[in-house]
Amino acid sequence: MSHELTMTDPAARSRHVAALASSTAWTTEMALAQSEGVDVPALIESYERGLVALKEAEPKGLGASGKPGKLSSGLADDLALLCTKIAPTIAVEQADAWNKVMVTALSDLPGRVAREAAQAALHTPMRFLNEVEGVIREKAVPIGYRHSMALRRLRELEAAIRRALEPDQPALAAPNPEPELTVEQIRALTPELRSIGVKIGAITQDQVAHAIRSNYVPHEEAA
């Protein structure tokens with residue numbers, strides 16, 4: 001059932017491609033085959049936002065003025081669980097103060113990375129609250145690397161999609177205006193790449209339909 005959802009639902013497809021970008025199973029060819037219906041530029045933008053330091057992405061943090069940022073608020077919730085686990089009898093006021101201090105202390109980390117690291121730290125035995133920051137920072141290193149690697153892979157995927165949709169040109173050919181894809185080039189694309197090409201405006205649905213139904217035979221084959 002989950003496989004069918006991945007194949008039909010755009011949001012599920014995006015999550016699937018994002019998960020693939022973070023996995024050891026990644027290949028650009030595999031991602032190309034599974035990227036139909038995925039807004040790859042939007043996925044890249046989401047990763048880029050998630051890798052910005054929390055203090056830059058949400059300057060107000062948990063400040064009293066204005067609504068707390070989503071990542072800052074989420075990190076505070078993650079830290080609250082850690083606080084409860086390590087010091088279950090701590091007073092509410094002390095716990096709140098500790099949470100605010102910790103969110104600020106960890107704000108040099110990307111919010112997405114800090115949250116995942118805090119959630120992972122919940123499974124690490126600790127006796128004292130002053131151990132928390134060190135554990136989170138330690139866990140943030142491989143998490144940050146994994147997200148950075150995924151971002152690089154998604155950029156490679158975007159470049160591969162563009163290359164597949166662009167006709168080969170001589171090295172010195174003027175790129176302006178860009179030539180349209182020929183019938184043969186459109187016909188040679190996989191259905192997934194045709195769909196992506198239509199979505200980003202590189203080709204039209206009429207061009208795809210014409211290429212599929214065309215009986216055009218190249219000159220050398222006719223000879």
# chains A, B, ... in the order shown; residues from 1 in each chain; ligands from 1
$ closest_atom_pairs --of "segment 16-108 of chain A" --to "segment 137-149 of chain A" --cutoff "9 Å" --atoms "only C-alpha atoms" --output "JSON lines"
{"residue": "A:Ala21", "atom": "CA", "partner": "A:Met149", "partner_atom": "CA", "distance": 7.7}
{"residue": "A:Ser22", "atom": "CA", "partner": "A:Arg146", "partner_atom": "CA", "distance": 6.0}
{"residue": "A:Ser23", "atom": "CA", "partner": "A:Arg146", "partner_atom": "CA", "distance": 8.6}
{"residue": "A:Tyr47", "atom": "CA", "partner": "A:His147", "partner_atom": "CA", "distance": 7.6}
{"residue": "A:Glu48", "atom": "CA", "partner": "A:Ser148", "partner_atom": "CA", "distance": 8.9}
{"residue": "A:Gly50", "atom": "CA", "partner": "A:His147", "partner_atom": "CA", "distance": 8.8}
{"residue": "A:Leu51", "atom": "CA", "partner": "A:His147", "partner_atom": "CA", "distance": 7.7}
{"residue": "A:Leu106", "atom": "CA", "partner": "A:Arg137", "partner_atom": "CA", "distance": 8.2}
$ atom_distance --atom1 "atom CA of Lys85 of chain A" --atom2 "atom CA of Lys60 of chain A"
27.4 Å
$ closest_residue --among "A:Thr89, A:Gly134, A:Val208, A:Ala150" --to "Ala19 of chain A" --atoms "only C-alpha atoms"
A:Ala150
$ closest_residue --among "A:Glu58, A:Glu116, A:Ala76, A:Pro10" --to "Ala97 of chain A" --atoms "only C-alpha atoms"
A:Ala76
$ residues_around --residues "Ala118 of chain A" --least-positions-apart "2" --cutoff "7 Å" --atoms "only C-alpha atoms" --output "MDAnalysis selection string"
chainID A and resid 78:79 114:116 120:122 136
$ write_last_selection --atoms "N, CA and C atoms" --output "short mmCIF file (atom, residue, chain, number, x, y, z; two decimals), in the first residue's frame"
data_model
loop_
_atom_site.label_atom_id
_atom_site.label_comp_id
_atom_site.auth_asym_id
_atom_site.auth_seq_id
_atom_site.Cartn_x
_atom_site.Cartn_y
_atom_site.Cartn_z
N ASP A 78 11.25 19.24 21.95
CA ASP A 78 12.18 18.11 22.01
C ASP A 78 13.03 18.19 23.28
N LEU A 79 13.48 19.40 23.60
CA LEU A 79 14.30 19.58 24.80
C LEU A 79 13.49 19.34 26.07
N ALA A 114 19.24 20.40 14.40
CA ALA A 114 19.14 20.46 15.86
C ALA A 114 17.98 19.63 16.37
N ARG A 115 16.84 19.70 15.68
CA ARG A 115 15.68 18.94 16.12
C ARG A 115 15.93 17.43 16.01
N GLU A 116 16.47 17.00 14.89
CA GLU A 116 16.73 15.57 14.73
C GLU A 116 17.75 15.09 15.75
N ALA A 120 17.20 12.31 18.65
CA ALA A 120 18.09 11.15 18.77
C ALA A 120 18.70 11.08 20.17
N ALA A 121 18.96 12.24 20.77
CA ALA A 121 19.57 12.28 22.10
C ALA A 121 18.65 11.70 23.17
N LEU A 122 17.36 11.67 22.89
CA LEU A 122 16.41 11.13 23.86
C LEU A 122 16.71 9.66 24.16
N ILE A 136 23.82 16.47 22.00
CA ILE A 136 23.11 16.94 20.81
C ILE A 136 24.10 17.38 19.73
#
$ select_by_dssp --residues "segment 25-184 of chain A" --states "helix (DSSP H, G or I)" --output "ChimeraX atom specification"
/A:28-33,40-50,54-57,70-86,92-105,111-121,129-165,183-184
$ atom_distance --atom1 "atom CA of Pro110 of chain A" --atom2 "atom CA of Val52 of chain A"
5.0 Å
$ residues_around --residues "segment 152-154 of chain A" --least-positions-apart "2" --cutoff "9 Å" --atoms "only C-alpha atoms" --output "ChimeraX atom specification"
/A:17-18,21-22,26-28,31,40-41,43-44,147-150,156-159
$ atom_distance --atom1 "atom CA of Leu181 of chain A" --atom2 "atom CA of Arg162 of chain A"
12.3 Å
$ closest_residue --among "A:Ala164, A:Val132, A:Val183, A:Leu71" --to "His210 of chain A" --atoms "only C-alpha atoms"
A:Val183
$ residues_around --residues "Val92 of chain A" --least-positions-apart "6" --cutoff "12 Å" --atoms "only C-alpha atoms" --output "list of chain:residue names"
A:Ala80, A:Cys83, A:Thr84, A:Trp98, A:Asn99
